[in-house]
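Heads up: the structure comes next, in structure tokens.
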Amino acid sequence: MTAPVPPRHDPQSPWRSEGVPGGPPRPDGRRRRGGCLLQIAIFLAIYIVSGLLYNNMSGDGTRSVDYTAFTAQLDANNVKTVYSRGSQIQGMLKTAGKVPGGDGATFVRFTTYKPSFADSGQLWREIQQKKVSVSASPVAQGPGLGRSLLVSLLPTALLIGVWVFVSRRARGGLDGVGGILGRKPPKPVEAERGRTTFADVAGIDEVEGELNDVVDFLKRPDAYRRMGAKMPRGVLLAGPPGTGKTLLARAVAGEAGVPFFSASASEFIEMIVGVGASRVRELFSEARKVAPSIIFIDEIDTIGRSRTGSAVGGHDEREQTLNQILTEMDGFSGSDGVVVVAATNRAEILDSALTRPGRFDRVVNVSPPDRKGRESILRIHTRAMPLAPDVDLAQVAATTPGMTGAELANLANEAALLAVKRDGARVTANDLSDALEKVQLGARRPLVMPEEERRRTAYHESGHALLGMLQPGADPVRKITIVPRGRALGVTLSTPDADKYAYTEEYLRGRIIGALGGMAAERVVYGVITTGAENDLEQVTGIARGMVARWGMSDRLGHLSVLAAESEQPYGMSAAPHTLDLVDGETRRIVEECYAEACRTLEEHRAQLDDLAAALLEQETLEEAEIYRVAGIATAAAAAAAAAAAKADMAAAVGAARQD
Ligand SMILES: Nc1ncnc2c1ncn2[C@@H]1O[C@H](COP(=O)(O)OP(=O)(O)OP(=O)(O)O)[C@@H](O)[C@H]1O
Ligand SMILES: [Zn+2]
């Protein structure tokens with residue numbers, strides 16, 4: 001594929017319905033931000049103009065004056081007519097009078113209120129005495145009641161007008177006259193040409209696997225309906241930017257051959273309150289019309305972040321939009337055949353309302369690719385390029401750890417551009433390495449981890465894994481990776497075979513030793529430790545404190561529960577400083593013992609540690625079977641099988657012996 005990496009968010013229309021005629025695509029998001037500023041500017045202008053208008057009209061019309069200003073004019077015999085209703089007094093002067101303290105401003109028509117403590121009788125006598133005519137109808141004829149009503153309603157009317165105008169534009173898209181005159185319902189991306197399929201996605205096979213049943217459901221929703229099976233309504237794709245979440249969603253639609261609707265959540269909340277929700281309603285209703293179909297909502301965290309967190313701006317709108325999405329999803333009968341796929345870079349900040357069953361209850365993690373994955377992504381993105389024979393994509397993949405699919409696509413494209421610039425016939429290895437240099441220079445963060453750091457990470461993770469495998473009764477190690485994800489440079493994953501509800505002291509110690517394994521490995525191999533173990537230590541401290549203060553696993557403290565489970569706050573009664581000192585001391589003792597044990601074990605098994613680290617450096621990600629094979633340790637399952645086999649052999653031998 002030679003096409004440049006498409007902008008992350010096709011800004012063509014709020015619905016990003018590629019293939020639908022519209023205005024020229026914006027090169028970036030600037031115009032929309034500009035549009036937003038424009039809206040604000042229009043609002044301000046209207047406020048100012050209508051304010052001026054209002055003041056002007058009442059300036060040469062009726063002015064509201066103090067009661068004392070009125071009586072002063074009356075005393076000066078300058079009042080021509082008055083009209084009164086309730087405590088309100090309107091009137092007209094004979095000649096323009098000065099507004100007290102009004103910087104020389106004058107008035108003819110006025111309105112004022114008679115304070116309740118003023119003497120009506122006296123006022124009436126004076127009016128009669130000065131021969132002021134008392135009108136039976138309002139005297140402030142200038143603007144008149146109708147006109148003043150108009151004036152006071154004008155700003156509101158204008159605001160409503162602008163609101164309607166802007167919201168029409170918002171719904172209709174920002175693409176020219178069509179968008180202004182009428183709204184354009186969301187349209188799906190055209191189904192026929194250039195469909196994206198799983199063949200366009202590489203390096204994230206597990207994720208494809210997890211999405212397969214969604215594809216199947218979309219292909220034949222009737223079969224599911226007949227069986228009364230409920231399908232997930234929402235799938236949440238969580239992972240760092242550029243890992244192919246959008247691509248995946250599109251591929252699911254492509255595989256299933258269903259219409260694909262796409263919107264970015266941030267587009268909803270740039271609108272005025274209420275518009276986001278109505279656009280959500282509209283989007284879902286269009287998608288239902290052509291169901292089965294997929295709605296893709298990018299950046300769901302912009303509206304779906306936890307509501308307890310502090311919110312800055314657009315709060316109401318966000319809430320309303322989010323609620324509307326949730327309502328629409330709740331409204332699905334399950335056989336509607338609309339699957340909502342949402343993407344986020346930050347799943348951890350999402351409101352739990354979103355991940356509740358029946359909503360985005362399926363969370364699929366999308367991680368940056370490992371070496372093999374990078375190679376196949378490069379293969380996809382160089383598919384359409386004439387490659388010189390000296391190009392070794394496997395080697396390029398090996399030198400680009402940490403790069404995401406989007407970055408690799410960009411790399412391939414840069415190489416092709418360089419080849420064109422030098423009028424080459426093919427893309428060469430040189431083009432690729434020049435492109436890599438260019439891409440890295442332009443990147444805000446180093447895309448490639450220094451080799452030394454990778455090595456250290458490989459040892460750190462191997463330390464976790466090896467100790468995990470060596471602890472009797474510990475959870476099996478499932479996966480180790482040194483592909484950075486989030487803030488972690490590497491990850492070691494162990495999960496139990498079955499849910500555990502109670503833990504033995506031995507198991508907990510094993511967990512602590514495993515968690516200290518990263519630090520211990522750095523100590524054993526390098527003699528120093530780095531800051532990379534912060535999370536590990538948090539975990540370790542938590543477990544050790546729990547053992548001492550909650551689960552009665554320290555002899556010195558005895559079978560006391562000193563800490564309340566959730567808060568880690570001492571129970572009132574046991575809060576004696578002496579007791580807390582004891583808790584700290586015992587926690588420290590357990591951790592130090594475990595750390596010593598971790599270091600000792602790793603020194604003893606140094607060869608296995610080296611083997612694991614080397615395999616990790618080479619492959620970046622190791623799966624369970626591979627891990628145990630490299631370390632030369634039987635998996636728990638294999639060990640059980642071997643034991644069973646040995647027993648059978650023994651029985652057979654015994655049997656054979658008997659026969660003899
Ligand atoms: N796994 C992959 N296989 C092939 N191409 C990929 C892969 N991941 C990313 N790409 C390329 O990178 C481009 C951008 O990826 P995409 O927009 O899907 O990432 P994203 O995870 O949705 O990013 P964001 O979180 O910024 O929206 C894709 O169009 C594709 O060309
Ligand atoms: Zn660690």
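Chain labels run A, B, ... following the order of the structure tokens; each chain numbers its residues from 1, and ligands are numbered from 1 in the order shown.
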Cut-off 9 Å, only C-alpha atoms and all ligand atoms, neighbours of ligand 1 as an MDAnalysis selection string = chainID A and resid 1 3:9 198:205 237:250 298:299 343:345 366 368:369 373:374 376:381 404:410
Counting only C-alpha atoms and all ligand atoms, what residues are within 9 Å of ligand 2, given as JSON, numbers by chain?
-> {"A": [457, 460, 461, 463, 464, 488, 489, 490, 491, 492, 515, 516, 517, 518, 519, 532, 533, 534, 535, 536, 537]}
His605 of chain A surroundings by only C-alpha atoms, 12 Å radius, close-in-sequence under 2 positions cut, as a ChimeraX atom specification = /A:462-463,466-467,469-470,521,524-525,598-603,607-612,631-633
File of the preceding selection, C-alpha atoms, as a short mmCIF file (atom, residue, chain, number, x, y, z; two decimals), in the first residue's frame:
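File written: part_12.cif
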```cif
data_model
loop_
_atom_site.label_atom_id
_atom_site.label_comp_id
_atom_site.auth_asym_id
_atom_site.auth_seq_id
_atom_site.Cartn_x
_atom_site.Cartn_y
_atom_site.Cartn_z
CA SER A 462 12.97 -12.83 33.02
CA GLY A 463 13.61 -12.48 36.73
CA LEU A 466 11.78 -17.43 36.37
CA LEU A 467 10.91 -16.91 40.03
CA MET A 469 8.02 -20.63 37.61
CA LEU A 470 10.26 -21.79 40.42
CA ALA A 521 17.56 -9.91 38.50
CA VAL A 524 22.25 -10.11 40.28
CA VAL A 525 23.17 -9.16 36.71
CA ALA A 598 14.80 -14.02 45.22
CA CYS A 599 18.43 -13.03 44.77
CA ARG A 600 19.68 -16.37 46.01
CA THR A 601 17.40 -18.32 43.68
CA LEU A 602 18.35 -16.25 40.66
CA GLU A 603 22.05 -16.64 41.37
CA ALA A 607 22.01 -19.95 33.36
CA GLN A 608 18.24 -20.20 32.99
CA LEU A 609 17.94 -16.47 33.61
CA ASP A 610 20.44 -15.77 30.81
CA ASP A 611 18.64 -18.13 28.44
CA LEU A 612 15.27 -16.49 29.08
CA ALA A 631 13.86 -22.23 31.00
CA GLY A 632 13.92 -26.00 30.91
CA ILE A 633 11.15 -26.19 33.47
#
```
Which parts of segment 261-360 of chain A does DSSP call strand (DSSP E or B) when run on the backbone here, written out as a PDB file with N, CA and C atoms, in the first residue's frame?
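The new file states_30.pdb reads:
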```
ATOM      1  N   PHE A 261     -20.432   2.832  10.301  1.00  0.00           N
ATOM      2  CA  PHE A 261     -20.615   4.237  10.655  1.00  0.00           C
ATOM      3  C   PHE A 261     -19.487   4.639  11.588  1.00  0.00           C
ATOM      4  N   SER A 262     -18.937   5.800  11.356  1.00  0.00           N
ATOM      5  CA  SER A 262     -17.793   6.177  12.166  1.00  0.00           C
ATOM      6  C   SER A 262     -17.942   7.605  12.671  1.00  0.00           C
ATOM      7  N   ALA A 263     -17.673   7.800  13.949  1.00  0.00           N
ATOM      8  CA  ALA A 263     -17.710   9.145  14.518  1.00  0.00           C
ATOM      9  C   ALA A 263     -16.663   9.225  15.603  1.00  0.00           C
ATOM     10  N   SER A 264     -16.187  10.414  15.841  1.00  0.00           N
ATOM     11  CA  SER A 264     -15.253  10.601  16.930  1.00  0.00           C
ATOM     12  C   SER A 264     -15.983  11.294  18.070  1.00  0.00           C
ATOM     13  N   SER A 293     -25.179  -3.644  11.266  1.00  0.00           N
ATOM     14  CA  SER A 293     -24.193  -2.626  10.939  1.00  0.00           C
ATOM     15  C   SER A 293     -23.307  -2.377  12.145  1.00  0.00           C
ATOM     16  N   ILE A 294     -22.261  -1.592  11.909  1.00  0.00           N
ATOM     17  CA  ILE A 294     -21.327  -1.267  12.981  1.00  0.00           C
ATOM     18  C   ILE A 294     -21.258   0.239  13.170  1.00  0.00           C
ATOM     19  N   ILE A 295     -21.308   0.647  14.407  1.00  0.00           N
ATOM     20  CA  ILE A 295     -21.035   2.046  14.723  1.00  0.00           C
ATOM     21  C   ILE A 295     -19.689   2.089  15.424  1.00  0.00           C
ATOM     22  N   PHE A 296     -18.790   2.881  14.898  1.00  0.00           N
ATOM     23  CA  PHE A 296     -17.487   3.016  15.526  1.00  0.00           C
ATOM     24  C   PHE A 296     -17.389   4.392  16.169  1.00  0.00           C
ATOM     25  N   ILE A 297     -17.078   4.431  17.439  1.00  0.00           N
ATOM     26  CA  ILE A 297     -16.914   5.703  18.143  1.00  0.00           C
ATOM     27  C   ILE A 297     -15.479   5.793  18.638  1.00  0.00           C
ATOM     28  N   ASP A 298     -14.723   6.678  18.040  1.00  0.00           N
ATOM     29  CA  ASP A 298     -13.313   6.833  18.410  1.00  0.00           C
ATOM     30  C   ASP A 298     -13.212   7.761  19.627  1.00  0.00           C
ATOM     31  N   ARG A 305     -15.282   9.563  30.281  1.00  0.00           N
ATOM     32  CA  ARG A 305     -14.406   9.484  31.432  1.00  0.00           C
ATOM     33  C   ARG A 305     -15.222   9.484  32.714  1.00  0.00           C
ATOM     34  N   VAL A 338     -27.031  -3.994  15.599  1.00  0.00           N
ATOM     35  CA  VAL A 338     -26.070  -2.899  15.558  1.00  0.00           C
ATOM     36  C   VAL A 338     -25.031  -3.149  16.651  1.00  0.00           C
ATOM     37  N   VAL A 339     -23.792  -3.286  16.238  1.00  0.00           N
ATOM     38  CA  VAL A 339     -22.742  -3.477  17.222  1.00  0.00           C
ATOM     39  C   VAL A 339     -21.942  -2.185  17.318  1.00  0.00           C
ATOM     40  N   VAL A 340     -21.759  -1.725  18.527  1.00  0.00           N
ATOM     41  CA  VAL A 340     -20.998  -0.500  18.729  1.00  0.00           C
ATOM     42  C   VAL A 340     -19.563  -0.860  19.104  1.00  0.00           C
ATOM     43  N   VAL A 341     -18.636  -0.377  18.325  1.00  0.00           N
ATOM     44  CA  VAL A 341     -17.231  -0.584  18.652  1.00  0.00           C
ATOM     45  C   VAL A 341     -16.667   0.773  19.053  1.00  0.00           C
ATOM     46  N   ALA A 342     -16.091   0.847  20.227  1.00  0.00           N
ATOM     47  CA  ALA A 342     -15.520   2.114  20.670  1.00  0.00           C
ATOM     48  C   ALA A 342     -14.025   1.930  20.878  1.00  0.00           C
ATOM     49  N   ALA A 343     -13.285   2.997  20.699  1.00  0.00           N
ATOM     50  CA  ALA A 343     -11.841   2.918  20.889  1.00  0.00           C
ATOM     51  C   ALA A 343     -11.398   3.938  21.915  1.00  0.00           C
ATOM     52  N   THR A 344     -10.397   3.561  22.688  1.00  0.00           N
ATOM     53  CA  THR A 344      -9.834   4.507  23.648  1.00  0.00           C
ATOM     54  C   THR A 344      -8.360   4.216  23.873  1.00  0.00           C
ATOM     55  N   LEU A 350     -12.192   5.321  32.131  1.00  0.00           N
ATOM     56  CA  LEU A 350     -13.582   5.277  31.674  1.00  0.00           C
ATOM     57  C   LEU A 350     -14.559   5.098  32.823  1.00  0.00           C
TER      58      LEU A 350
END
```
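The residue that comes closest to Glu505 of chain A, out of A:Leu580, A:Val548, A:Leu74, A:Leu622 and on the basis of only C-alpha atoms, is A:Val548.
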